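J.: Just dropping this structure here.
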Amino acid sequence: MWVSSAVKLFLCAATFSSLANAVPMAEKRGPHGKPTYLDPKAKIDDRVEDLLSRMTIEEKTYQIMQGNVQNMVDENLQINATTLRPWGTTYAANLDLDELARLINETQSWMIEENRLGIPTIMQSEGVHGYLDVNATIFATGMGMGATFNTELIHKVGDIVGIESASVGIHNIFAPVLDLAREPRFGRIEEGYGEDPHLTGEMGKAYVEGIQGKPREGTAKTAIHRTAAMVKHYVGFGSPMGGLNIAPVQGGERDMRTIYLPPFKRAIIDGGALSIMSAYHAYDGIPSAIDKHLLNDVLREEWGFKGFVISDSGAIANLCDTHFICNASFLDPIAAILPLEAGNDAEMGGKQMHFQTVPEQVKKGNLSIKTVDEAVRRILRVKFQLGLFEVPFGVHNYRDFIHTDEHVAVAQQVDEESIVLLENDGTLPLDEDSLSSVAIIGPQAAVMQYGVYVAHGTFERGVTPLDGITNLVGDKVDINYAEGCKLWSNDESGFDEAVAAAENSDVAVVMVGTWTRDQMELWGGMNATTGEHVDQNDLGLVGAQLNLVKAIQATGKPTVVVFITGKPTAEPWIKENVNAIVNAFYLGETGGTALANILFGKVNPSGKLSVSFPNDVGSLPAYYNYPKSGRPIYPGKIYPNGTMQFGWQYALGTPEPLWYFGHGKSYTTFEYKSVELSKSKIRQNEKKDVIVTVTLQNTGDRDGKEVVQVYVDDVLASVVVPNKSLRGFAKVNIPAGETATVDIPIRLEELEVWTMDNKFVLEKGDFILHIGGSYAEPSLNTTLTVV
């Protein structure tokens, strides 16, 4: 979601001219003398129904529409009273922090004091990898968080996002992103936690629980959360045709039930998310905002979700101008009727607002007032759950809660645990005591790459890789820096300087990859290779970057390549020809410090790939959990000397990835000793988790963290299932030479099959559990039998 400050929300004021002077309904008062909806001791459902009964259709309509603080101010950033409306939700971002805090409070005060019923608005902002403010703590992007495989750590990140945003008066954070990274050409895959449904669900649940937290101090006893997480993009958004933004997603009910829905159910139902953002795309021909089956039948009827669903920015208008479900030449009320009847409760801003047609359509009988009431009811319920009728504001000392030392320390831990050691022949870790010089080369070395959804100006702060290395070892080792080339250019005129830097050093570290921009620059037309609306048809390095790596490797000096990226990099030459490879999905503000600590062995790498890296864009899909029979392998190859060896899959290539999901090396070694199951045989009707107990030893001379991964192979199933699926994991810290035992629960519902009868069944038969430090190289296995 992105709302441009240049886009003004259109609303005909005359439509609701009677709102301020609406005739009060018959007064209803609770046992404490107040109207029931204002009585903090009353039950939430009673408060909701009381308030709903008092509202006019105009007041209800405002509750299901979003405003934008930027569109309510004049050129001097003063509130423009003529633009104020009692919106149910209000986007509040992309302004200076102090001005934003003031405007949030002034807008909220107007909502409460200048309107008949005094209904507070839900203030909303972004928080994919940090609260969207230039002053806030910035974390690694979602794909990097996924690479940590550390749910406790990601819970801390969510908590920090909740703390920092709530202090300013934000109530609703547009995160986490649960789109699966199964289509790496798609520009937004960096936002989610990777390609796997289980990992994504566990990370999403942790993030939701972290963001929502406990009630803020001073709220009503009925309040249950501090902030509302908004899980997005519901559902299936991350796999568009051709990797193209907003393009349709092809699939059927089985894919939806077994691939796309599970992580959402985990975060929404088990994690308790209060709100959901529907997606832009159409799945199997049905736009998400009007998909009654998914929004109502599954989400509400099957799962029991009680919160609200809001469209993405401009997605309601897209029904007319992109999906052509309705007429874009006028404000077609069909674009309001269909979403509301499907269960999409609110319209986000960004384009002309179609929900403003609701009062007229209710009057004409084209839209049931019961449908409108239900949408309003869901939004009001969340307001009461957050205690907004008691404490709708932030705190005066909000800066005390933003970017604290404790928060920055967590950001550094995330950065360190997200970095993945892909290859290493012993060159790493570097030793500053035995090196006299190191070359730091490449267009990523002296810049920040934060990923999308950061405020304008954010890229100007943070620790770059060059800064981090200089700060760590600059007093012991000569650092020879050369940019070599630009990220976006074929110009090789800087190669001579880069080669000289390598030749004058003991070892060369070359930093290359993708890039994006802050929100203003990205939507302002500046070049980028990742981010919202920026998709790629080639996953290789852009411009002169690969040739730069080749030029440095040709010097004969030990060469370490660092990918700093928002998506997988398909460069098999690099894998085959350099000494070590490190991958860093866009890091946070301490990224340079974290990377230096990894390169010089101050921190042992523990990240695991959250997405598979293809050999070539032509060998997609590369995800590990392909269906059985989905990846026959009889590869061909073109050798460096030009010799061609022909195969079948493919004639001159391979469908196998360079590195699979779950891959990641360490500076130490781990030996898996044993595995036991709490039960080796279970019955079909059992519900209790099966516990996998794994014992492993750190057999190296360094302390290290290992991600113990459990993959399940459903040996014989009634339908085609994945060759293996991640069903459990745990990150464990093991000192050198010591042994650890870890218990990993396997939820039996994740072993169920969506049958030809369109229902989930735990089928009889054997399930082989593969246990180890990666998908590709499991160390142990055991069998669970369903009888």
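We name chains A, B, ... following the order of the structure tokens; residues begin at 1 in each chain, and ligands are numbered from 1 as shown.
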Check the DSSP output for the backbone and give back, as a list in words, the residues of region 416-504 of chain A in helix (DSSP H, G or I).

T.: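 Going through region 416-504 of chain A, the helix (DSSP H, G or I) residues come out as Glu416, Glu417, Ser418, Thr458, Phe459, Glu460, Pro465, Leu466, Asp467, Gly468, Ile469, Thr470, Asn471, Leu472, Val473, Phe495, Asp496, Glu497, Ala498, Val499, Ala500, Ala501, Ala502 and Glu503 of chain A.
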
J.: Quick one: everything within 9 Å of region 685-687 of chain A, counting only C-alpha atoms, minus sequence neighbours fewer than 6 positions away in the same chain. Send it as a PDB file with N, CA and C atoms, in the first residue's frame.

T.:
```pdb
ATOM      1  N   ARG A 747       2.459 -29.893  14.307  1.00  0.00           N
ATOM      2  CA  ARG A 747       1.008 -29.791  14.403  1.00  0.00           C
ATOM      3  C   ARG A 747       0.374 -30.719  13.375  1.00  0.00           C
ATOM      4  N   LEU A 748      -0.495 -31.600  13.837  1.00  0.00           N
ATOM      5  CA  LEU A 748      -1.037 -32.634  12.959  1.00  0.00           C
ATOM      6  C   LEU A 748      -1.890 -32.062  11.836  1.00  0.00           C
ATOM      7  N   GLU A 749      -2.473 -30.904  12.057  1.00  0.00           N
ATOM      8  CA  GLU A 749      -3.273 -30.312  10.979  1.00  0.00           C
ATOM      9  C   GLU A 749      -2.402 -29.987   9.771  1.00  0.00           C
ATOM     10  N   LEU A 762      -6.465 -36.237   7.639  1.00  0.00           N
ATOM     11  CA  LEU A 762      -5.192 -36.841   8.019  1.00  0.00           C
ATOM     12  C   LEU A 762      -5.258 -38.296   7.561  1.00  0.00           C
TER      13      LEU A 762
END
```

J.: Tell me, which residues of region 158-309 of chain A carry DSSP strand (DSSP E or B), written as number ranges by chain?

T.: A: 172-174, 177, 228-234, 249, 275-278, 282-283, 286-287, 308-309

J.: Any chance you can output those residues with C-alpha atoms as a PDB file, in the first residue's frame?

T.:
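As a result, out-v6.pdb now contains:
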```pdb
ATOM      1  CA  ASN A 172      -2.985   0.048  13.244  1.00  0.00           C
ATOM      2  CA  ILE A 173       0.185  -1.203  11.535  1.00  0.00           C
ATOM      3  CA  PHE A 174       0.082  -2.535   7.967  1.00  0.00           C
ATOM      4  CA  VAL A 177       3.292  -9.406   4.885  1.00  0.00           C
ATOM      5  CA  ALA A 228      -3.769  -3.749  15.790  1.00  0.00           C
ATOM      6  CA  ALA A 229      -1.645  -5.659  13.305  1.00  0.00           C
ATOM      7  CA  MET A 230      -2.938  -5.762   9.734  1.00  0.00           C
ATOM      8  CA  VAL A 231      -2.045  -9.029   8.019  1.00  0.00           C
ATOM      9  CA  LYS A 232      -1.598  -8.657   4.262  1.00  0.00           C
ATOM     10  CA  HIS A 233      -2.144  -9.251   1.379  1.00  0.00           C
ATOM     11  CA  TYR A 234      -5.086 -11.638   1.678  1.00  0.00           C
ATOM     12  CA  VAL A 249      -2.562 -15.451  -9.868  1.00  0.00           C
ATOM     13  CA  SER A 275      -7.329  -6.572  10.872  1.00  0.00           C
ATOM     14  CA  ILE A 276      -6.551  -7.760   7.364  1.00  0.00           C
ATOM     15  CA  MET A 277      -5.698  -6.047   4.094  1.00  0.00           C
ATOM     16  CA  SER A 278      -7.142  -7.636   0.981  1.00  0.00           C
ATOM     17  CA  ALA A 282      -7.417 -11.698  -8.954  1.00  0.00           C
ATOM     18  CA  TYR A 283      -7.139 -15.357  -7.995  1.00  0.00           C
ATOM     19  CA  ILE A 286     -11.924 -13.286  -8.893  1.00  0.00           C
ATOM     20  CA  PRO A 287     -10.454 -10.005  -7.564  1.00  0.00           C
ATOM     21  CA  PHE A 308     -12.192  -6.012   9.825  1.00  0.00           C
ATOM     22  CA  VAL A 309     -10.876  -6.254   6.276  1.00  0.00           C
TER      23      VAL A 309
END
```

J.: For Leu780 (chain A), work out the shell of residues within 10 Å, counting only C-alpha atoms and skipping chain neighbours fewer than 6 positions away, then give it as a PyMOL selection string.

T.: chain A and resi 672-675+694+710+769-772

J.: List the neighbours of Ala736 (chain A) out to 12 Å using only C-alpha atoms; skip same-chain residues closer than 3 positions along the sequence, and give me the result as a ChimeraX atom specification.

T.: /A:604,667-671,696-706,733,739-740

J.: Write out as a list in words which residues come within 8 Å of Gln684 (chain A) when counting only C-alpha atoms, dropping same-chain ones fewer than 6 positions away.

T.: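 Non-adjacent residues within range: Leu762, Glu763, Lys764, Val786 and Val787 of chain A.
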
J.: Find the residues near Pro465 (chain A): any atom within 12 Å, counting only C-alpha atoms, skip ones fewer than 4 places away on the same chain, and give them as a PDB file with N, CA, C and O atoms, in the first residue's frame.

T.:
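In the end it all went to selection33.pdb:
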```
ATOM      1  N   ASP A 415      19.972  -8.319  12.079  1.00  0.00           N
ATOM      2  CA  ASP A 415      20.902  -8.233  10.949  1.00  0.00           C
ATOM      3  C   ASP A 415      21.907  -9.380  10.981  1.00  0.00           C
ATOM      4  O   ASP A 415      22.142 -10.049   9.966  1.00  0.00           O
ATOM      5  N   ILE A 440      37.898  -3.541  -0.096  1.00  0.00           N
ATOM      6  CA  ILE A 440      36.440  -3.496  -0.027  1.00  0.00           C
ATOM      7  C   ILE A 440      35.974  -2.835  -1.308  1.00  0.00           C
ATOM      8  O   ILE A 440      36.208  -1.651  -1.546  1.00  0.00           O
ATOM      9  N   ILE A 441      35.322  -3.617  -2.146  1.00  0.00           N
ATOM     10  CA  ILE A 441      35.049  -3.199  -3.517  1.00  0.00           C
ATOM     11  C   ILE A 441      33.561  -3.399  -3.817  1.00  0.00           C
ATOM     12  O   ILE A 441      32.923  -4.317  -3.297  1.00  0.00           O
ATOM     13  N   GLY A 442      33.038  -2.542  -4.675  1.00  0.00           N
ATOM     14  CA  GLY A 442      31.700  -2.778  -5.190  1.00  0.00           C
ATOM     15  C   GLY A 442      30.721  -1.664  -4.908  1.00  0.00           C
ATOM     16  O   GLY A 442      30.879  -0.881  -3.956  1.00  0.00           O
ATOM     17  N   PRO A 443      29.663  -1.581  -5.708  1.00  0.00           N
ATOM     18  CA  PRO A 443      28.683  -0.492  -5.580  1.00  0.00           C
ATOM     19  C   PRO A 443      27.784  -0.594  -4.357  1.00  0.00           C
ATOM     20  O   PRO A 443      27.064   0.354  -4.052  1.00  0.00           O
ATOM     21  N   GLN A 444      27.820  -1.715  -3.638  1.00  0.00           N
ATOM     22  CA  GLN A 444      27.017  -1.845  -2.420  1.00  0.00           C
ATOM     23  C   GLN A 444      27.818  -1.544  -1.155  1.00  0.00           C
ATOM     24  O   GLN A 444      27.248  -1.528  -0.061  1.00  0.00           O
ATOM     25  N   ALA A 445      29.109  -1.302  -1.276  1.00  0.00           N
ATOM     26  CA  ALA A 445      29.965  -1.224  -0.090  1.00  0.00           C
ATOM     27  C   ALA A 445      29.753   0.034   0.737  1.00  0.00           C
ATOM     28  O   ALA A 445      29.842  -0.010   1.964  1.00  0.00           O
ATOM     29  N   ALA A 446      29.482   1.150   0.091  1.00  0.00           N
ATOM     30  CA  ALA A 446      29.455   2.428   0.814  1.00  0.00           C
ATOM     31  C   ALA A 446      28.074   3.071   0.807  1.00  0.00           C
ATOM     32  O   ALA A 446      27.952   4.294   0.964  1.00  0.00           O
ATOM     33  N   VAL A 447      27.038   2.257   0.628  1.00  0.00           N
ATOM     34  CA  VAL A 447      25.673   2.780   0.609  1.00  0.00           C
ATOM     35  C   VAL A 447      24.800   1.943   1.534  1.00  0.00           C
ATOM     36  O   VAL A 447      25.153   0.834   1.910  1.00  0.00           O
ATOM     37  N   MET A 448      23.638   2.486   1.892  1.00  0.00           N
ATOM     38  CA  MET A 448      22.632   1.737   2.632  1.00  0.00           C
ATOM     39  C   MET A 448      21.599   1.181   1.651  1.00  0.00           C
ATOM     40  O   MET A 448      21.215   1.852   0.697  1.00  0.00           O
ATOM     41  N   GLN A 449      21.167  -0.047   1.885  1.00  0.00           N
ATOM     42  CA  GLN A 449      20.079  -0.646   1.122  1.00  0.00           C
ATOM     43  C   GLN A 449      19.057  -1.187   2.123  1.00  0.00           C
ATOM     44  O   GLN A 449      19.241  -2.246   2.685  1.00  0.00           O
ATOM     45  N   ILE A 469      33.121  -2.168   8.583  1.00  0.00           N
ATOM     46  CA  ILE A 469      34.437  -2.811   8.533  1.00  0.00           C
ATOM     47  C   ILE A 469      35.511  -1.862   9.031  1.00  0.00           C
ATOM     48  O   ILE A 469      36.412  -2.262   9.796  1.00  0.00           O
ATOM     49  N   THR A 470      35.425  -0.606   8.642  1.00  0.00           N
ATOM     50  CA  THR A 470      36.402   0.395   9.099  1.00  0.00           C
ATOM     51  C   THR A 470      36.348   0.551  10.607  1.00  0.00           C
ATOM     52  O   THR A 470      37.387   0.606  11.292  1.00  0.00           O
ATOM     53  N   ASN A 471      35.141   0.623  11.143  1.00  0.00           N
ATOM     54  CA  ASN A 471      34.996   0.780  12.590  1.00  0.00           C
ATOM     55  C   ASN A 471      35.543  -0.428  13.347  1.00  0.00           C
ATOM     56  O   ASN A 471      36.090  -0.289  14.447  1.00  0.00           O
ATOM     57  N   LEU A 472      35.417  -1.612  12.767  1.00  0.00           N
ATOM     58  CA  LEU A 472      35.814  -2.833  13.455  1.00  0.00           C
ATOM     59  C   LEU A 472      37.309  -3.082  13.389  1.00  0.00           C
ATOM     60  O   LEU A 472      37.938  -3.411  14.412  1.00  0.00           O
ATOM     61  N   TYR A 481      39.505   0.852  -0.541  1.00  0.00           N
ATOM     62  CA  TYR A 481      38.137   0.879  -1.057  1.00  0.00           C
ATOM     63  C   TYR A 481      38.103   1.373  -2.496  1.00  0.00           C
ATOM     64  O   TYR A 481      38.801   2.325  -2.867  1.00  0.00           O
ATOM     65  N   VAL A 509      36.944  -8.257  -0.888  1.00  0.00           N
ATOM     66  CA  VAL A 509      35.527  -8.473  -0.612  1.00  0.00           C
ATOM     67  C   VAL A 509      34.738  -7.615  -1.596  1.00  0.00           C
ATOM     68  O   VAL A 509      34.880  -6.386  -1.595  1.00  0.00           O
ATOM     69  N   VAL A 510      33.952  -8.249  -2.450  1.00  0.00           N
ATOM     70  CA  VAL A 510      33.219  -7.541  -3.498  1.00  0.00           C
ATOM     71  C   VAL A 510      31.734  -7.571  -3.158  1.00  0.00           C
ATOM     72  O   VAL A 510      31.150  -8.648  -2.991  1.00  0.00           O
ATOM     73  N   MET A 511      31.123  -6.395  -3.064  1.00  0.00           N
ATOM     74  CA  MET A 511      29.728  -6.272  -2.633  1.00  0.00           C
ATOM     75  C   MET A 511      28.861  -5.795  -3.786  1.00  0.00           C
ATOM     76  O   MET A 511      29.039  -4.688  -4.293  1.00  0.00           O
ATOM     77  N   VAL A 512      27.933  -6.661  -4.189  1.00  0.00           N
ATOM     78  CA  VAL A 512      27.081  -6.403  -5.343  1.00  0.00           C
ATOM     79  C   VAL A 512      25.643  -6.788  -4.992  1.00  0.00           C
ATOM     80  O   VAL A 512      25.377  -7.359  -3.943  1.00  0.00           O
ATOM     81  N   VAL A 562      29.797 -10.654  -1.592  1.00  0.00           N
ATOM     82  CA  VAL A 562      28.650 -10.408  -0.710  1.00  0.00           C
ATOM     83  C   VAL A 562      27.488  -9.934  -1.566  1.00  0.00           C
ATOM     84  O   VAL A 562      27.580  -8.896  -2.231  1.00  0.00           O
ATOM     85  N   PHE A 563      26.410 -10.720  -1.576  1.00  0.00           N
ATOM     86  CA  PHE A 563      25.173 -10.280  -2.217  1.00  0.00           C
ATOM     87  C   PHE A 563      24.376  -9.466  -1.202  1.00  0.00           C
ATOM     88  O   PHE A 563      24.009  -9.974  -0.144  1.00  0.00           O
ATOM     89  N   ILE A 564      24.109  -8.211  -1.511  1.00  0.00           N
ATOM     90  CA  ILE A 564      23.198  -7.393  -0.720  1.00  0.00           C
ATOM     91  C   ILE A 564      21.993  -7.178  -1.607  1.00  0.00           C
ATOM     92  O   ILE A 564      22.061  -6.482  -2.622  1.00  0.00           O
ATOM     93  N   ALA A 584      23.182 -11.243   2.105  1.00  0.00           N
ATOM     94  CA  ALA A 584      22.516 -10.369   3.073  1.00  0.00           C
ATOM     95  C   ALA A 584      21.283  -9.792   2.404  1.00  0.00           C
ATOM     96  O   ALA A 584      21.392  -8.872   1.578  1.00  0.00           O
ATOM     97  N   TYR A 586      18.350  -7.329   2.263  1.00  0.00           N
ATOM     98  CA  TYR A 586      18.429  -5.939   2.736  1.00  0.00           C
ATOM     99  C   TYR A 586      18.437  -5.852   4.265  1.00  0.00           C
ATOM    100  O   TYR A 586      17.479  -6.236   4.930  1.00  0.00           O
ATOM    101  N   LEU A 587      19.517  -5.313   4.793  1.00  0.00           N
ATOM    102  CA  LEU A 587      19.720  -5.241   6.237  1.00  0.00           C
ATOM    103  C   LEU A 587      19.108  -3.976   6.819  1.00  0.00           C
ATOM    104  O   LEU A 587      18.665  -3.089   6.102  1.00  0.00           O
ATOM    105  N   GLY A 588      19.118  -3.900   8.141  1.00  0.00           N
ATOM    106  CA  GLY A 588      18.615  -2.728   8.832  1.00  0.00           C
ATOM    107  C   GLY A 588      19.696  -1.688   9.026  1.00  0.00           C
ATOM    108  O   GLY A 588      20.756  -1.712   8.389  1.00  0.00           O
ATOM    109  N   GLU A 589      19.444  -0.786   9.949  1.00  0.00           N
ATOM    110  CA  GLU A 589      20.329   0.362  10.111  1.00  0.00           C
ATOM    111  C   GLU A 589      21.705   0.002  10.657  1.00  0.00           C
ATOM    112  O   GLU A 589      22.656   0.773  10.505  1.00  0.00           O
ATOM    113  N   THR A 590      21.851  -1.155  11.275  1.00  0.00           N
ATOM    114  CA  THR A 590      23.143  -1.600  11.789  1.00  0.00           C
ATOM    115  C   THR A 590      23.777  -2.631  10.868  1.00  0.00           C
ATOM    116  O   THR A 590      24.685  -3.355  11.271  1.00  0.00           O
ATOM    117  N   GLY A 591      23.305  -2.681   9.628  1.00  0.00           N
ATOM    118  CA  GLY A 591      23.734  -3.726   8.712  1.00  0.00           C
ATOM    119  C   GLY A 591      25.231  -3.793   8.493  1.00  0.00           C
ATOM    120  O   GLY A 591      25.817  -4.874   8.423  1.00  0.00           O
ATOM    121  N   GLY A 592      25.878  -2.637   8.387  1.00  0.00           N
ATOM    122  CA  GLY A 592      27.325  -2.623   8.174  1.00  0.00           C
ATOM    123  C   GLY A 592      28.087  -3.210   9.341  1.00  0.00           C
ATOM    124  O   GLY A 592      29.076  -3.942   9.158  1.00  0.00           O
ATOM    125  N   THR A 593      27.631  -2.920  10.544  1.00  0.00           N
ATOM    126  CA  THR A 593      28.256  -3.491  11.739  1.00  0.00           C
ATOM    127  C   THR A 593      28.077  -5.005  11.768  1.00  0.00           C
ATOM    128  O   THR A 593      29.017  -5.758  12.044  1.00  0.00           O
ATOM    129  N   ALA A 594      26.858  -5.448  11.469  1.00  0.00           N
ATOM    130  CA  ALA A 594      26.573  -6.882  11.478  1.00  0.00           C
ATOM    131  C   ALA A 594      27.397  -7.612  10.428  1.00  0.00           C
ATOM    132  O   ALA A 594      27.966  -8.683  10.696  1.00  0.00           O
ATOM    133  N   LEU A 595      27.490  -7.054   9.244  1.00  0.00           N
ATOM    134  CA  LEU A 595      28.236  -7.698   8.168  1.00  0.00           C
ATOM    135  C   LEU A 595      29.719  -7.781   8.510  1.00  0.00           C
ATOM    136  O   LEU A 595      30.371  -8.804   8.270  1.00  0.00           O
ATOM    137  N   ALA A 596      30.263  -6.731   9.091  1.00  0.00           N
ATOM    138  CA  ALA A 596      31.665  -6.759   9.516  1.00  0.00           C
ATOM    139  C   ALA A 596      31.893  -7.839  10.567  1.00  0.00           C
ATOM    140  O   ALA A 596      32.892  -8.577  10.520  1.00  0.00           O
ATOM    141  N   ASN A 597      30.966  -7.955  11.507  1.00  0.00           N
ATOM    142  CA  ASN A 597      31.099  -8.972  12.550  1.00  0.00           C
ATOM    143  C   ASN A 597      31.074 -10.384  11.964  1.00  0.00           C
ATOM    144  O   ASN A 597      31.791 -11.277  12.441  1.00  0.00           O
ATOM    145  N   ILE A 598      30.274 -10.600  10.932  1.00  0.00           N
ATOM    146  CA  ILE A 598      30.233 -11.907  10.278  1.00  0.00           C
ATOM    147  C   ILE A 598      31.522 -12.168   9.507  1.00  0.00           C
ATOM    148  O   ILE A 598      32.144 -13.230   9.631  1.00  0.00           O
ATOM    149  N   LEU A 599      31.955 -11.203   8.705  1.00  0.00           N
ATOM    150  CA  LEU A 599      33.139 -11.397   7.859  1.00  0.00           C
ATOM    151  C   LEU A 599      34.394 -11.648   8.683  1.00  0.00           C
ATOM    152  O   LEU A 599      35.266 -12.439   8.286  1.00  0.00           O
TER     153      LEU A 599
END
```

J.: Could you tell me how far CA of Leu97 (chain A) lies from CA of Pro392 (chain A), in Å and to one decimal?

T.: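 Atom-to-atom, CA of Leu97 (chain A) and CA of Pro392 (chain A) are spaced 17.8 Å apart.
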
J.: Can you work out the spacing between CA of Gly513 (chain A) and CA of Asn579 (chain A) in Å, to one decimal?

T.: 17.7 Å

J.: Would you please work out which residue, of A:Glu374, A:Glu183, A:Glu347, A:Glu301, is nearest to Glu49 (chain A) when using only C-alpha atoms?

T.: A:Glu374

J.: As an exercise, work out the distance from CA of Gly618 (chain A) to CA of Ala551 (chain A) in Å and give it to one decimal place.

T.: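 Separating CA of Gly618 (chain A) from CA of Ala551 (chain A) is a distance of 26.2 Å.
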
J.: Write out as a VMD selection string which residues come within 9 Å of Asp535 (chain A) when counting only C-alpha atoms, dropping same-chain ones fewer than 3 positions away.

T.: chain A and resid 184 to 188 243 to 245 529 to 532

J.: For those residues, write N, CA, C and O atoms to a file as a short mmCIF file (atom, residue, chain, number, x, y, z; two decimals), in the first residue's frame.

T.:
```cif
data_model
loop_
_atom_site.label_atom_id
_atom_site.label_comp_id
_atom_site.auth_asym_id
_atom_site.auth_seq_id
_atom_site.Cartn_x
_atom_site.Cartn_y
_atom_site.Cartn_z
N PRO A 184 10.21 -15.15 -7.84
CA PRO A 184 11.23 -14.15 -7.50
C PRO A 184 11.35 -12.99 -8.48
O PRO A 184 12.04 -12.01 -8.18
N ARG A 185 10.71 -13.06 -9.63
CA ARG A 185 10.71 -11.91 -10.52
C ARG A 185 9.87 -10.76 -9.96
O ARG A 185 10.08 -9.60 -10.31
N PHE A 186 8.92 -11.11 -9.12
CA PHE A 186 8.01 -10.14 -8.51
C PHE A 186 8.81 -9.19 -7.60
O PHE A 186 9.59 -9.63 -6.76
N GLY A 187 8.61 -7.90 -7.76
CA GLY A 187 9.42 -6.91 -7.07
C GLY A 187 9.23 -6.83 -5.58
O GLY A 187 10.09 -6.29 -4.87
N ARG A 188 8.12 -7.36 -5.05
CA ARG A 188 7.79 -7.16 -3.64
C ARG A 188 8.14 -8.36 -2.76
O ARG A 188 7.79 -8.36 -1.57
N GLY A 243 5.48 -12.72 -12.84
CA GLY A 243 6.13 -11.92 -11.80
C GLY A 243 5.75 -10.47 -11.85
O GLY A 243 6.44 -9.62 -11.28
N LEU A 244 4.64 -10.14 -12.49
CA LEU A 244 4.25 -8.76 -12.73
C LEU A 244 3.30 -8.24 -11.65
O LEU A 244 2.32 -8.90 -11.30
N ASN A 245 3.58 -7.07 -11.15
CA ASN A 245 2.80 -6.46 -10.08
C ASN A 245 1.32 -6.36 -10.45
O ASN A 245 0.97 -5.90 -11.54
N THR A 529 15.63 -1.99 -8.83
CA THR A 529 15.43 -3.36 -9.33
C THR A 529 14.55 -4.19 -8.41
O THR A 529 14.22 -5.34 -8.73
N THR A 530 14.18 -3.66 -7.25
CA THR A 530 13.22 -4.31 -6.38
C THR A 530 12.31 -3.25 -5.78
O THR A 530 12.61 -2.07 -5.80
N GLY A 531 11.20 -3.71 -5.23
CA GLY A 531 10.26 -2.81 -4.60
C GLY A 531 8.90 -2.88 -5.27
O GLY A 531 8.73 -3.48 -6.34
N GLU A 532 7.90 -2.24 -4.64
CA GLU A 532 6.55 -2.27 -5.16
C GLU A 532 6.50 -1.66 -6.55
O GLU A 532 7.01 -0.56 -6.76
#
```

J.: Between A:Leu428, A:Met644, A:Val48, A:Ala175, which one has atoms that come closest to Phe384 (chain A), using only C-alpha atoms?

T.: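 Of A:Leu428, A:Met644, A:Val48, A:Ala175, the one nearest Phe384 (chain A) is A:Val48, counting only C-alpha atoms.
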
J.: Tell me which of A:Ser167, A:Ser505, A:Gln519, A:Thr90 sits closest to Ile479 (chain A), counting only C-alpha atoms.

T.: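 So, comparing all the options, the nearest one is A:Ser505.
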